[in-house]
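**Q** Dropping a structure here in structure tokens format, bear with me for questions.
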Amino acid sequence: MPSPIQTQRPVERLLATAARLFARHGINATGIDRILVEAGVAKMTLYNNFGSKEGFVLAVLERTAAAWRNWFAAALDALPGGPEERVLGMFGVLGGWFARDDFFGCPVMNAIAESDKDDVRLRRLAEAHEEALRSTIRDLVAGLDAEAADRDGLASMLVLLVRGAIAQATLARTADPARAAAEAARLLLSGVAPERRGAA
């Protein structure tokens, strides 16, 4: 019986294979020929659809980033409890991701780390990815009993905690950073809630 990837269209096989290899080995260490061989696709399919290796890499990153954001948003939507419990539960979602065998960090962050820092197209992709993440977290904190300015500031700080946890987990290969970030978020929340602030 053919594997799921063998039943995909050639372009889908290319994108899925490249995403897997880029995540594990990095973009610069992964040659186009290896991707083509593992995907079982002709070189002209890549160039006819993406124009160049650079165009192909951007397409892979856009696809991978969008898939991750969709997964993350759906996981947050499914969290039970009130607004504060759901904010803290976000780090449990991250911890589950960190514990997976196929966790190799954020593909966009990894790409930025190994790329030319003047690559405008990649930077725009990263900025769009970051803003989408910020929007998702802003929606998550919208139900908190706090002033709008507090919620906006909290969302920005939570993005930093999420990003820091991902970076640390990529280095440590453990879910511990998610637990540490959850504790930091708990402290942030204690300063945002008006009734707690008044009691301080």
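Going through the structure tokens in order, the chains are called A, B, and so on, while each chain numbers its residues from 1 and the ligands are numbered from 1 in the order shown.
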With a distance cut-off of 7 Å and only C-alpha atoms, select the neighbouring residues of segment 66-75 of chain A, excluding the residue or stretch itself and same-chain residues fewer than 3 positions from it, and output the selection as a ChimeraX atom specification.
**A** /A:62-63,78-79,93,136
**Q** Just want the 12 Å neighbourhood of Leu36 of chain A, counted on only C-alpha atoms, with same-chain residues fewer than 2 positions away dropped. Output as a PDB file with C-alpha atoms, in the first residue's frame.
**A**
ATOM      1  CA  PRO A  10       3.915  16.189  -6.875  1.00  0.00           C
ATOM      2  CA  VAL A  11       3.867  19.804  -5.636  1.00  0.00           C
ATOM      3  CA  GLU A  12       2.397  18.711  -2.300  1.00  0.00           C
ATOM      4  CA  ARG A  13       5.050  16.010  -2.003  1.00  0.00           C
ATOM      5  CA  LEU A  14       7.752  18.583  -2.659  1.00  0.00           C
ATOM      6  CA  LEU A  15       6.443  20.976  -0.016  1.00  0.00           C
ATOM      7  CA  ALA A  16       5.879  18.280   2.613  1.00  0.00           C
ATOM      8  CA  THR A  17       9.271  16.671   2.044  1.00  0.00           C
ATOM      9  CA  ALA A  18      11.107  19.996   2.154  1.00  0.00           C
ATOM     10  CA  LEU A  21      13.999  18.090   5.900  1.00  0.00           C
ATOM     11  CA  THR A  30      19.395  20.549   2.649  1.00  0.00           C
ATOM     12  CA  GLY A  31      20.105  20.365  -1.050  1.00  0.00           C
ATOM     13  CA  ILE A  32      17.407  20.551  -3.697  1.00  0.00           C
ATOM     14  CA  ASP A  33      18.523  17.213  -5.144  1.00  0.00           C
ATOM     15  CA  ARG A  34      17.865  15.437  -1.852  1.00  0.00           C
ATOM     16  CA  GLU A  38      12.921  11.840  -1.370  1.00  0.00           C
ATOM     17  CA  ALA A  39       9.769  13.397  -2.839  1.00  0.00           C
ATOM     18  CA  GLY A  40      10.107  11.411  -6.065  1.00  0.00           C
ATOM     19  CA  VAL A  41       9.578  14.539  -8.153  1.00  0.00           C
ATOM     20  CA  ALA A  42      11.341  15.868 -11.247  1.00  0.00           C
ATOM     21  CA  LYS A  43      13.416  19.036 -10.999  1.00  0.00           C
ATOM     22  CA  MET A  44      11.302  20.808 -13.600  1.00  0.00           C
ATOM     23  CA  THR A  45       8.249  20.442 -11.351  1.00  0.00           C
ATOM     24  CA  LEU A  46       9.995  22.563  -8.738  1.00  0.00           C
ATOM     25  CA  TYR A  47      11.185  25.265 -11.113  1.00  0.00           C
ATOM     26  CA  LYS A  53      15.149  27.679  -4.937  1.00  0.00           C
TER      27      LYS A  53
END
**Q** Give the answer as one residue: which of A:Ile112, A:Leu144, A:Ala185, A:Ile35 has the shortest atom-to-atom distance to Leu158 of chain A, using only C-alpha atoms?
**A**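 Comparing A:Ile112, A:Leu144, A:Ala185, A:Ile35 against Leu158 of chain A, the winner is A:Ala185.
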**Q** Which is closer to Glu130 of chain A than all the others in A:Ala65, A:Val87, A:Ile27, A:Ala167, using only C-alpha atoms?
**A** A:Ala65
**Q** I'd like the contact shell of Leu61 of chain A - 8 Å cut-off, only C-alpha atoms, skipping same-chain residues fewer than 6 positions apart - returned as a PyMOL selection string.
**A** chain A and resi 19+107-108
**Q** Could you tell me how far atom CA of Ala113 of chain A lies from atom CA of Thr64 of chain A, in Å and to one decimal?
**A** 16.5 Å
**Q** Could you pull the residues within 12 Å of Gly105 of chain A, counting only C-alpha atoms, minus those fewer than 5 positions along the same chain, as a ChimeraX atom specification?
**A** /A:22-26,64-65,68,94,97-100,110-111,113,162-175
**Q** Mind the document's chain letters and residue numbers, and return as a PyMOL selection string the residues of segment 42-112 of chain A that DSSP labels alpha helix (DSSP H).
**A** chain A and resi 43-50+53-77+83-98+107-112
**Q** Under the rule that only C-alpha atoms are counted, which of A:Ala29, A:Cys106, A:Ala155, A:Leu188 is the nearest residue to Arg138 of chain A?
**A**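 For Arg138 of chain A, the nearest of the candidates is A:Ala155.
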**Q** Which segment 35-87 of chain A residues have any atom within 12 Å of an atom of segment 116-123 of chain A, and for each, what is the nearest pair of atoms with distance in Å to one decimal, counting only C-alpha atoms, rows sorted by chain and number, as CSV?
**A**
residue,atom,partner,partner_atom,distance
A:Glu54,CA,A:Arg121,CA,9.6
A:Gly55,CA,A:Arg121,CA,9.6
A:Phe56,CA,A:Leu122,CA,11.9
A:Val57,CA,A:Leu122,CA,9.4
A:Leu58,CA,A:Leu122,CA,7.0
A:Ala59,CA,A:Leu122,CA,10.5
A:Val60,CA,A:Leu122,CA,11.5
A:Leu61,CA,A:Leu122,CA,9.0
A:Glu62,CA,A:Leu122,CA,9.6
